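Student: Submitted below is the structure of interest, expressed as structure tokens.
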Amino acid sequence: MNNNTELKIMQSIQAELKAPKGQTNKFGGYSYRSAEDILEAVKPLLNKNNCFLTISDEIVEVGGRVYVKATATVHESHRHPVAETTAYAREAEVKKGMDEAQITGSASSYARKYALNGLFAIDDTKDPDATNTHGNSKPTKTKTQTNKVQKDILDDDWI
């Protein structure tokens with residue numbers, strides 16, 4: 001398979017993908033899409049293009065903090081990968097009402113969602129999740145800040 005075929009596969013999937021925001025945050029009163037929403041929407045397109053998707057997590061430590069590194073990869077049939085992206089999410093040190101496994105699971109879900117967003121060119125810049133304060137006085141990290149953290153992580157020699 002050549003690069004032109006790989007580009008056409010990804011172009012076709014990205015052009016046809018419709019992943020609506022099927023979830024509602026009752027506390028914040030906004031709609032959002034989950035990784036599961038993206039997966040449900042993309043599976044028929046992967047099948048149509050004779051592809052499959054894998055998502056894997058890796059736990060990495062940076063400066064004493066734990067991050068979940070999620071990698072999403074599209075494969076054509078049983079051949080080499082067509083496209084791949086990686087996203088990171090930092091585990092909260094403490095999250096009220098969650099045990100340690102749930103904190104890791106939450107970071108994994110977040111990292112996987114953004115790996116899928118990158119892979120399938122899904123724009124979440126208008127998503128209130130990017131600017132919602134979730135009851136805190138400071139907004140959560142924006143996508144731009146997250147990308148900077150990811151770039152800083154990738155520029156380090158520890159990977």
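Starting from 1 in every chain, residues are counted up; chains themselves are A, B, ... following the order of the structure tokens, and ligands are numbered from 1 as listed.
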Which neighbours of segment 74-77 of chain A fall inside 6 Å, counting only C-alpha atoms, when residues of the same chain fewer than 3 positions from it are skipped, and could you give them as a PDB file with C-alpha atoms, in the first residue's frame?
Tutor:
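Generated file (around06.pdb):
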```pdb
ATOM      1  CA  ASN A  50     -11.563  -2.216   5.057  1.00  0.00           C
ATOM      2  CA  CYS A  51      -9.849  -0.786   8.151  1.00  0.00           C
ATOM      3  CA  PHE A  52      -9.840  -1.320  11.869  1.00  0.00           C
ATOM      4  CA  LEU A  53      -8.907   0.851  14.827  1.00  0.00           C
ATOM      5  CA  PRO A  81      -0.815   1.303  10.173  1.00  0.00           C
ATOM      6  CA  VAL A  82      -2.457   3.925   7.954  1.00  0.00           C
ATOM      7  CA  ALA A  83      -2.431   6.740  10.551  1.00  0.00           C
TER       8      ALA A  83
END
```
Student: Could you name the residues that touch segment 120-124 of chain A at 8 Å or less, counting only C-alpha atoms, but leaving out those on the same chain fewer than 4 positions away, as a list in words?
Tutor: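 So, after excluding close chain neighbours, the residues are Met10, Ile13, Gln14, Leu17, Leu116 and Ala130 of chain A.
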Student: Produce a file of the selected residues containing N, CA, C and O atoms, as a CSV table (one decimal), in the first residue's frame.
Tutor:
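What ended up in out_5.csv:
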```
chain,number,residue,atom,x,y,z
A,10,MET,N,-7.9,7.9,4.9
A,10,MET,CA,-8.1,8.9,6.0
A,10,MET,C,-9.0,10.0,5.5
A,10,MET,O,-9.8,10.5,6.3
A,13,ILE,N,-12.6,8.8,5.5
A,13,ILE,CA,-13.2,8.6,6.8
A,13,ILE,C,-13.4,10.0,7.5
A,13,ILE,O,-14.5,10.2,8.0
A,14,GLN,N,-12.5,10.9,7.4
A,14,GLN,CA,-12.6,12.2,8.0
A,14,GLN,C,-13.7,13.0,7.4
A,14,GLN,O,-14.5,13.7,8.0
A,17,LEU,N,-17.2,11.3,8.4
A,17,LEU,CA,-17.5,11.1,9.9
A,17,LEU,C,-18.4,12.2,10.4
A,17,LEU,O,-18.1,13.4,10.3
A,116,LEU,N,-8.5,10.3,19.5
A,116,LEU,CA,-9.5,10.1,18.4
A,116,LEU,C,-9.8,11.4,17.7
A,116,LEU,O,-9.9,11.4,16.5
A,130,ALA,N,-13.7,22.6,26.9
A,130,ALA,CA,-12.4,23.2,26.8
A,130,ALA,C,-12.3,24.4,27.7
A,130,ALA,O,-11.2,24.8,28.1
```
Student: Among segment 16-98 of chain A, which ones does DSSP place in helix (DSSP H, G or I), written as a CSV table (one decimal) with N, CA and C atoms, in the first residue's frame?
Tutor:
```csv
chain,number,residue,atom,x,y,z
A,16,GLU,N,-16.5,11.8,5.9
A,16,GLU,CA,-17.8,11.3,6.1
A,16,GLU,C,-18.2,11.2,7.6
A,35,ALA,N,-15.6,9.5,23.9
A,35,ALA,CA,-14.9,8.6,23.0
A,35,ALA,C,-15.8,7.5,22.4
A,36,GLU,N,-16.8,7.1,23.2
A,36,GLU,CA,-17.7,6.1,22.8
A,36,GLU,C,-18.6,6.6,21.6
A,37,ASP,N,-19.0,7.9,21.7
A,37,ASP,CA,-19.7,8.5,20.6
A,37,ASP,C,-18.9,8.5,19.3
A,38,ILE,N,-17.7,8.8,19.4
A,38,ILE,CA,-16.8,8.8,18.2
A,38,ILE,C,-16.6,7.4,17.7
A,39,LEU,N,-16.4,6.5,18.6
A,39,LEU,CA,-16.2,5.1,18.1
A,39,LEU,C,-17.5,4.5,17.4
A,40,GLU,N,-18.6,4.8,18.0
A,40,GLU,CA,-19.9,4.4,17.3
A,40,GLU,C,-20.0,5.0,15.9
A,41,ALA,N,-19.7,6.2,15.8
A,41,ALA,CA,-19.8,6.9,14.5
A,41,ALA,C,-18.7,6.4,13.5
A,42,VAL,N,-17.6,6.1,13.9
A,42,VAL,CA,-16.5,5.7,13.0
A,42,VAL,C,-16.4,4.3,12.6
A,43,LYS,N,-17.0,3.4,13.4
A,43,LYS,CA,-16.9,2.0,13.0
A,43,LYS,C,-17.4,1.6,11.6
A,44,PRO,N,-18.6,2.1,11.2
A,44,PRO,CA,-19.1,1.8,9.9
A,44,PRO,C,-18.2,2.3,8.8
A,45,LEU,N,-17.5,3.5,9.0
A,45,LEU,CA,-16.6,4.0,8.0
A,45,LEU,C,-15.3,3.2,7.9
A,46,LEU,N,-14.9,2.7,9.1
A,46,LEU,CA,-13.7,1.9,9.1
A,46,LEU,C,-14.0,0.6,8.3
A,47,ASN,N,-15.1,0.0,8.5
A,47,ASN,CA,-15.5,-1.2,7.8
A,47,ASN,C,-15.6,-0.9,6.3
A,48,LYS,N,-16.3,0.1,6.0
A,48,LYS,CA,-16.4,0.5,4.6
A,48,LYS,C,-15.1,0.6,3.8
```
Student: Quick one: DSSP strand (DSSP E or B) residues in segment 23-104 of chain A, as a count of residues only?
Tutor: 40
Student: Tell me, as a list in words, which residues lie within 7 Å of segment 110-114 of chain A, counting only C-alpha atoms; anything in the same chain fewer than 3 positions away does not count.
Tutor: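 Skipping anything fewer than 3 positions along the chain leaves Ser34, Ala35, Val68, Lys69, Ala70, Ala87, Tyr88, Ala89, Ser106, Ala107, Asn117 and Gly118 of chain A.
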Student: Keeping only C-alpha atoms, write the selected residues to a file as a JSON list (two decimals), in the first residue's frame.
Tutor:
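Everything below was put into result_15.json:
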```json
[["chain", "number", "residue", "atom", "x", "y", "z"],
["A", 34, "SER", "CA", -17.45, 10.99, 24.39],
["A", 35, "ALA", "CA", -14.88, 8.58, 23.00],
["A", 68, "VAL", "CA", -2.00, 8.43, 30.53],
["A", 69, "LYS", "CA", -0.64, 8.34, 26.99],
["A", 70, "ALA", "CA", -3.35, 7.10, 24.60],
["A", 87, "ALA", "CA", -2.73, 12.29, 23.30],
["A", 88, "TYR", "CA", -1.90, 12.71, 26.98],
["A", 89, "ALA", "CA", -4.05, 13.34, 30.04],
["A", 106, "SER", "CA", -11.01, 9.00, 33.81],
["A", 107, "ALA", "CA", -7.62, 10.18, 32.51],
["A", 117, "ASN", "CA", -10.20, 13.78, 17.85],
["A", 118, "GLY", "CA", -6.72, 14.21, 16.41]]
```
Student: What's around Val60 of chain A at 10 Å? Count only C-alpha atoms, leave out sequence neighbours fewer than 4 positions away in its own chain, and write the answer as a list in words.
Tutor: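 These residues fall inside the cut-off: Gly64, Arg65, Val66, Tyr67, Val68, Lys69, Tyr88, Arg90, Trp158 and Ile159 of chain A.
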Student: Save the residues we just selected, N, CA, C and O atoms, as a JSON list (two decimals), in the first residue's frame?
Tutor:
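Contents of part.json, as written:
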```json
[["chain", "number", "residue", "atom", "x", "y", "z"],
["A", 64, "GLY", "N", 7.35, 13.75, 38.23],
["A", 64, "GLY", "CA", 6.65, 13.28, 39.40],
["A", 64, "GLY", "C", 5.14, 13.18, 39.24],
["A", 64, "GLY", "O", 4.44, 12.80, 40.17],
["A", 65, "ARG", "N", 4.61, 13.54, 38.07],
["A", 65, "ARG", "CA", 3.17, 13.44, 37.81],
["A", 65, "ARG", "C", 2.92, 12.30, 36.84],
["A", 65, "ARG", "O", 3.74, 12.00, 35.98],
["A", 66, "VAL", "N", 1.77, 11.67, 36.97],
["A", 66, "VAL", "CA", 1.42, 10.52, 36.15],
["A", 66, "VAL", "C", 0.48, 10.97, 35.03],
["A", 66, "VAL", "O", -0.49, 11.68, 35.27],
["A", 67, "TYR", "N", 0.81, 10.55, 33.81],
["A", 67, "TYR", "CA", 0.00, 10.83, 32.63],
["A", 67, "TYR", "C", -0.42, 9.52, 31.99],
["A", 67, "TYR", "O", 0.32, 8.53, 32.03],
["A", 68, "VAL", "N", -1.59, 9.53, 31.38],
["A", 68, "VAL", "CA", -2.00, 8.43, 30.53],
["A", 68, "VAL", "C", -1.74, 8.87, 29.10],
["A", 68, "VAL", "O", -2.21, 9.92, 28.67],
["A", 69, "LYS", "N", -0.95, 8.09, 28.39],
["A", 69, "LYS", "CA", -0.64, 8.34, 26.99],
["A", 69, "LYS", "C", -1.51, 7.38, 26.17],
["A", 69, "LYS", "O", -1.33, 6.16, 26.24],
["A", 88, "TYR", "N", -2.23, 12.91, 25.58],
["A", 88, "TYR", "CA", -1.90, 12.71, 26.98],
["A", 88, "TYR", "C", -2.97, 13.34, 27.87],
["A", 88, "TYR", "O", -3.53, 14.38, 27.52],
["A", 90, "ARG", "N", -3.30, 14.10, 32.19],
["A", 90, "ARG", "CA", -2.67, 13.96, 33.50],
["A", 90, "ARG", "C", -3.68, 13.44, 34.51],
["A", 90, "ARG", "O", -4.82, 13.90, 34.57],
["A", 158, "TRP", "N", 12.74, 11.65, 27.63],
["A", 158, "TRP", "CA", 12.31, 10.53, 28.46],
["A", 158, "TRP", "C", 11.44, 9.54, 27.71],
["A", 158, "TRP", "O", 11.24, 8.45, 28.16],
["A", 159, "ILE", "N", 10.90, 9.91, 26.57],
["A", 159, "ILE", "CA", 10.04, 8.97, 25.83],
["A", 159, "ILE", "C", 10.89, 8.09, 24.96],
["A", 159, "ILE", "O", 11.76, 8.47, 24.29]]
```
Student: Calculate how many Å separate atom CA of Ala115 of chain A from atom CA of Thr86 of chain A, rounding to one decimal.
Tutor: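 Answer for the atom CA of Ala115 of chain A to atom CA of Thr86 of chain A separation: 5.2 Å.
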Student: Could you check how far atom CA of Thr5 of chain A sits from atom CA of Arg79 of chain A, in Å to one decimal?
Tutor: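 Between these atoms lies a distance of 12.6 Å.
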Student: With distances taken over only C-alpha atoms, which residue among A:Gly29, A:Thr24, A:Glu91, A:Asn49 lies nearest Ile9 of chain A?
Tutor: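 Closest to Ile9 of chain A of all the choices is A:Asn49.
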Student: Considering only C-alpha atoms, can you say which of A:Gly97, A:Val62, A:Asp57, A:Asn3 comes closest to Thr85 of chain A?
Tutor: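 Closest to Thr85 of chain A of all the choices is A:Asp57.
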